[in-house]
Amino acid sequence: MTQSAPSRGWRTTPWQRVAPASIARRRLITGIAALPVATALPRSSVAATSSVDLDWHDPVRDRAIPVRLHLPATPRADVPRPPLVVFSHGLGGSRYGYSWLGSHWASHGVASLHVQHVGSDRAIWAERGNPLTLLGLMREATSEREAIDRVLDIRFAVDQLAASSFGLAVEASHFIAAGHSYGANTAMLLAGARIERPGFTAPLADRRVVGAVLISAPPFHGEGPPETILAPVRVPTLHVTATEDIIRVPGFFSDLDDRLAIFRATAGPDKTLAVYTGGSHSMFTDRLSPGGEALNRAVKHATRELALGFTERVLRGRTTQLDGWADRHAQILSRFVESPARAA
């Protein structure tokens with residue numbers, strides 16, 4: 001269906017819980033990127049879901065905003081209108097990606113809106129055979145203007161969703177911002193991360209954001225200390241990464257140290273970190289091969305469970321989904337740091 005419509009080291013705290021494996025330390029090198037999304041992962045659901053593709057257009061910026069909305073096929077009796085997660089893809093992704101998370105949220109009564117950012121979506125890979133053209137497209141896709149446009153894409157999409165016929169079926173007055181890699185940067189800006197520029201006064205933070213799921217979050221390249229940038233982020237945050245979560249694309253490199261720095265710098269007291277052992281950066285896309293298929297599937301299974309538990313806690317005040325999570329997945333965990341609110 002298509003619709004057109006208007007301190008560098010780690011400090012152990014009393015609330016830290018660490019799985020047995022250790023984390024290898026690496027030199028901090030900043031970067032921002034993600035790898036393309038490919039083969040779809042079969043859905044894992046406990047209830048039927050549906051999805052709808054919507055093609056919107058922002059007339060102010062003359063910019064297309066394609067989205068895919070994952071919905072519970074049958075709304076839960078105790079939730080008249082499903083709460084909302086809005087997902088931002090990594091560099092070279094699309095609205096069709098991260099279905100392993102979107103369909104899972106929907107199967108448990110949480111709507112998931114996946115926004116495609118046309119300035120940094122899969123179209124850049126069309127020039128994969130021409131290294132110079134590809135590098136130029138990547139630079140444009142990771143420019144300051146595109147980073148801002150991605151945030152405005154999300155704000156527009158939520159506004160449009162609320163004004164559409166789906167606004168009667170989804171609770172869009174508040175939402176959790178989620179994203180992978182470049183999309184995690186977008187989610188952080190929506191949650192309050194502040195990049196200051198002379199003459200730029202438009203607010204990027206969205207007051208409707210009540211939490212953030214940050215998967216493989218890179219630093220804000222060349223923007224100074226993350227503590228300054230992330231000081232305004234006060235909403236609950238979930239940080240997900242892996243010991244081999246490394247970004248390597250022309251001109252950019254970022255590794256686990258960057259993810260840990262983002263977690264430490266996030267100012268809100270309610271934050272949770274999960275670090276898997278091994279893996280890769282792109283295993284969090286829909287592809288099954290990165291990191292090895294067995295680990296890839298295990299990580300996706302664990303992350304589904306953790307992300308759902310986090311959204312249930314933030315949006316509904318329920319905590320049972322998180323009970324015993326670290327114990328159940330200790331075999332693939334390198335480190336797990338619980339929110340103080342959960343560990344108390």
# chains A, B, ... in the order shown; residues from 1 in each chain; ligands from 1
$ residues_around --residues "Pro59 (chain A)" --least-positions-apart "2" --cutoff "12 Å" --atoms "only C-alpha atoms" --output "list in words"
Ala5, Pro6, Trp56, His57, Arg61, Asp62, Arg63, Ala64, Ile65, Asp153 and Phe156 of chain A
$ write_last_selection --atoms "C-alpha atoms" --output "short mmCIF file (atom, residue, chain, number, x, y, z; two decimals), in the first residue's frame"
data_model
loop_
_atom_site.label_atom_id
_atom_site.label_comp_id
_atom_site.auth_asym_id
_atom_site.auth_seq_id
_atom_site.Cartn_x
_atom_site.Cartn_y
_atom_site.Cartn_z
CA ALA A 5 -0.07 12.89 1.99
CA PRO A 6 0.51 16.31 3.04
CA TRP A 56 5.21 11.39 1.98
CA HIS A 57 6.69 14.68 0.81
CA ARG A 61 12.30 21.23 2.09
CA ASP A 62 11.01 19.70 -1.16
CA ARG A 63 12.16 16.35 0.16
CA ALA A 64 10.64 12.89 -0.19
CA ILE A 65 10.01 11.02 3.07
CA ASP A 153 12.76 13.80 8.40
CA PHE A 156 8.06 15.50 9.80
#
$ closest_residue --among "A:Ala162, A:Ile246, A:Val235, A:Val337" --to "Ala193 (chain A)" --atoms "only C-alpha atoms"
A:Val235
$ residues_around --residues "Ala178 (chain A)" --least-positions-apart "6" --cutoff "8 Å" --atoms "only C-alpha atoms" --output "list in words"
Val85, Val86, Phe87, Ser88, Ala184, Ala187, Ala212, Val213, Leu214 and Ile215 of chain A
$ write_last_selection --atoms "N, CA and C atoms" --output "PDB file, in the first residue's frame"
ATOM      1  N   VAL A  85       7.676   3.478  18.306  1.00  0.00           N
ATOM      2  CA  VAL A  85       9.119   3.600  18.157  1.00  0.00           C
ATOM      3  C   VAL A  85       9.368   4.112  16.745  1.00  0.00           C
ATOM      4  N   VAL A  86      10.274   5.082  16.588  1.00  0.00           N
ATOM      5  CA  VAL A  86      10.622   5.591  15.257  1.00  0.00           C
ATOM      6  C   VAL A  86      12.083   5.252  15.001  1.00  0.00           C
ATOM      7  N   PHE A  87      12.359   4.549  13.897  1.00  0.00           N
ATOM      8  CA  PHE A  87      13.699   4.011  13.621  1.00  0.00           C
ATOM      9  C   PHE A  87      14.361   4.740  12.460  1.00  0.00           C
ATOM     10  N   SER A  88      15.631   5.120  12.671  1.00  0.00           N
ATOM     11  CA  SER A  88      16.449   5.779  11.653  1.00  0.00           C
ATOM     12  C   SER A  88      17.568   4.831  11.201  1.00  0.00           C
ATOM     13  N   ALA A 184      21.751   6.142  14.840  1.00  0.00           N
ATOM     14  CA  ALA A 184      21.887   6.376  16.279  1.00  0.00           C
ATOM     15  C   ALA A 184      22.257   7.828  16.547  1.00  0.00           C
ATOM     16  N   ALA A 187      19.083   9.684  16.295  1.00  0.00           N
ATOM     17  CA  ALA A 187      18.273   9.494  17.501  1.00  0.00           C
ATOM     18  C   ALA A 187      18.805  10.319  18.670  1.00  0.00           C
ATOM     19  N   ALA A 212      15.548   6.513  24.039  1.00  0.00           N
ATOM     20  CA  ALA A 212      16.335   6.310  22.822  1.00  0.00           C
ATOM     21  C   ALA A 212      17.011   4.952  22.844  1.00  0.00           C
ATOM     22  N   VAL A 213      16.930   4.235  21.727  1.00  0.00           N
ATOM     23  CA  VAL A 213      17.645   2.972  21.527  1.00  0.00           C
ATOM     24  C   VAL A 213      18.778   3.259  20.555  1.00  0.00           C
ATOM     25  N   LEU A 214      20.020   3.168  21.028  1.00  0.00           N
ATOM     26  CA  LEU A 214      21.199   3.568  20.261  1.00  0.00           C
ATOM     27  C   LEU A 214      22.048   2.341  19.962  1.00  0.00           C
ATOM     28  N   ILE A 215      22.011   1.868  18.732  1.00  0.00           N
ATOM     29  CA  ILE A 215      22.745   0.676  18.318  1.00  0.00           C
ATOM     30  C   ILE A 215      23.981   1.117  17.528  1.00  0.00           C
TER      31      ILE A 215
END
$ atom_distance --atom1 "CA of Thr228 (chain A)" --atom2 "CA of Gly192 (chain A)"
11.4 Å
$ residues_around --residues "Asn185 (chain A)" --least-positions-apart "2" --cutoff "10 Å" --atoms "only C-alpha atoms" --output "ChimeraX atom specification"
/A:32-33,88,90,147,150-151,178-183,187-191,193,214-220
$ write_last_selection --atoms "N, CA and C atoms" --output "compact mmCIF listing (two decimals), in the first residue's frame"
# COMPACT_ATOMS: atom_id res chain seq x y z
N ILE A 32 31.84 8.31 11.34
CA ILE A 32 30.39 8.17 11.30
C ILE A 32 30.03 7.51 9.98
N ALA A 33 29.43 6.32 10.05
CA ALA A 33 29.04 5.60 8.85
C ALA A 33 28.33 4.34 9.23
N SER A 88 15.63 5.12 12.67
CA SER A 88 16.45 5.78 11.65
C SER A 88 17.57 4.83 11.20
N GLY A 90 21.01 3.32 9.14
CA GLY A 90 22.40 3.73 8.96
C GLY A 90 22.65 4.20 7.54
N ALA A 147 22.85 15.58 8.09
CA ALA A 147 22.63 15.18 9.48
C ALA A 147 21.43 15.92 10.07
N ARG A 150 18.13 14.65 8.37
CA ARG A 150 17.66 13.37 8.90
C ARG A 150 16.79 13.58 10.14
N VAL A 151 17.19 14.50 11.01
CA VAL A 151 16.38 14.80 12.19
C VAL A 151 15.04 15.39 11.77
N ALA A 178 14.94 5.55 17.83
CA ALA A 178 15.89 4.44 17.73
C ALA A 178 16.66 4.55 16.43
N GLY A 179 17.86 3.96 16.42
CA GLY A 179 18.62 3.98 15.18
C GLY A 179 19.89 3.18 15.30
N HIS A 180 20.43 2.83 14.14
CA HIS A 180 21.69 2.09 14.04
C HIS A 180 22.73 2.97 13.37
N SER A 181 23.93 3.08 13.96
CA SER A 181 25.05 3.80 13.40
C SER A 181 24.69 5.26 13.12
N TYR A 182 24.70 5.70 11.87
CA TYR A 182 24.31 7.07 11.55
C TYR A 182 22.93 7.36 12.13
N GLY A 183 22.06 6.35 12.10
CA GLY A 183 20.72 6.50 12.66
C GLY A 183 20.74 6.70 14.16
N ALA A 187 19.08 9.68 16.30
CA ALA A 187 18.27 9.49 17.50
C ALA A 187 18.81 10.32 18.67
N MET A 188 20.14 10.43 18.78
CA MET A 188 20.71 11.23 19.86
C MET A 188 20.36 12.71 19.70
N LEU A 189 20.38 13.21 18.48
CA LEU A 189 20.00 14.61 18.25
C LEU A 189 18.54 14.83 18.59
N LEU A 190 17.69 13.89 18.26
CA LEU A 190 16.28 13.99 18.61
C LEU A 190 16.08 13.97 20.12
N ALA A 191 16.95 13.23 20.81
CA ALA A 191 16.84 13.09 22.27
C ALA A 191 17.48 14.25 23.02
N ALA A 193 20.90 15.74 22.07
CA ALA A 193 22.31 16.02 21.80
C ALA A 193 22.43 17.37 21.09
N LEU A 214 20.02 3.17 21.03
CA LEU A 214 21.20 3.57 20.26
C LEU A 214 22.05 2.34 19.96
N ILE A 215 22.01 1.87 18.73
CA ILE A 215 22.74 0.68 18.32
C ILE A 215 23.98 1.12 17.53
N SER A 216 25.16 0.71 17.99
CA SER A 216 26.42 1.03 17.32
C SER A 216 26.60 2.53 17.11
N ALA A 217 26.37 3.31 18.15
CA ALA A 217 26.41 4.77 18.01
C ALA A 217 27.83 5.28 17.80
N PRO A 218 28.12 5.93 16.65
CA PRO A 218 29.44 6.53 16.44
C PRO A 218 29.49 7.91 17.11
N PRO A 219 30.67 8.48 17.26
CA PRO A 219 30.78 9.83 17.81
C PRO A 219 30.36 10.86 16.76
N PHE A 220 30.16 12.09 17.20
CA PHE A 220 29.91 13.20 16.28
C PHE A 220 31.27 13.70 15.81
$ select_by_dssp --residues "region 110-342 of chain A" --states "alpha helix (DSSP H)" --output "ChimeraX atom specification"
/A:131-141,144-163,182-191,226-230,256-265,293-316,325-328,340-342
$ select_by_dssp --residues "region 51-138 of chain A" --states "strand (DSSP E or B)" --output "PyMOL selection string"
chain A and resi 51-58+63-72+84-88+93+111-115+121
$ closest_atom_pairs --of "region 76-111 of chain A" --to "region 297-321 of chain A" --cutoff "8 Å" --atoms "only C-alpha atoms" --output "CSV"
residue,atom,partner,partner_atom,distance
A:Pro83,CA,A:Leu315,CA,7.0
A:Trp100,CA,A:Lys300,CA,7.5
A:Leu101,CA,A:Arg304,CA,6.0
A:His104,CA,A:Arg304,CA,6.8
A:Trp105,CA,A:Leu308,CA,6.3
$ closest_residue --among "A:Val210, A:Val60, A:Val275, A:Ala73" --to "Asp149 (chain A)" --atoms "only C-alpha atoms"
A:Val60
$ closest_residue --among "A:Arg95, A:Arg155, A:Arg139, A:Arg328" --to "Pro250 (chain A)" --atoms "only C-alpha atoms"
A:Arg139
$ atom_distance --atom1 "CA of Leu152 (chain A)" --atom2 "CA of Asp58 (chain A)"
9.6 Å
$ residues_around --residues "Phe263 (chain A)" --least-positions-apart "6" --cutoff "10 Å" --atoms "only C-alpha atoms" --output "PDB file with C-alpha atoms, in the first residue's frame"
ATOM      1  CA  LEU A 214      21.199   3.568  20.261  1.00  0.00           C
ATOM      2  CA  ALA A 217      26.409   4.771  18.010  1.00  0.00           C
ATOM      3  CA  PRO A 226      31.025  13.971  23.733  1.00  0.00           C
ATOM      4  CA  GLU A 227      30.276  15.055  27.314  1.00  0.00           C
ATOM      5  CA  LEU A 230      25.390  14.717  25.187  1.00  0.00           C
ATOM      6  CA  THR A 237      18.808   5.363  26.790  1.00  0.00           C
ATOM      7  CA  LEU A 238      19.687   1.825  25.709  1.00  0.00           C
ATOM      8  CA  HIS A 239      23.144   1.377  24.133  1.00  0.00           C
ATOM      9  CA  VAL A 240      23.862  -1.797  22.134  1.00  0.00           C
ATOM     10  CA  ASP A 257      35.894   2.655  22.314  1.00  0.00           C
ATOM     11  CA  LYS A 271      21.006   4.281  30.841  1.00  0.00           C
ATOM     12  CA  THR A 272      21.776   0.677  29.985  1.00  0.00           C
ATOM     13  CA  LEU A 273      24.639  -0.846  27.990  1.00  0.00           C
TER      14      LEU A 273
END
$ atom_distance --atom1 "CA of Gly268 (chain A)" --atom2 "CA of Ala242 (chain A)"
22.0 Å
$ residues_around --residues "Thr49 (chain A)" --least-positions-apart "6" --cutoff "12 Å" --atoms "only C-alpha atoms" --output "list of chain:residue names"
A:Arg43, A:Leu69, A:His70, A:Leu71, A:Pro72, A:Ala73, A:Thr74, A:Pro75, A:Arg76, A:Ser99, A:Gly102, A:Ser103, A:His104, A:Trp105, A:Ala106, A:Ser107, A:His108, A:Gly109, A:Val110, A:Ala111, A:Ser112
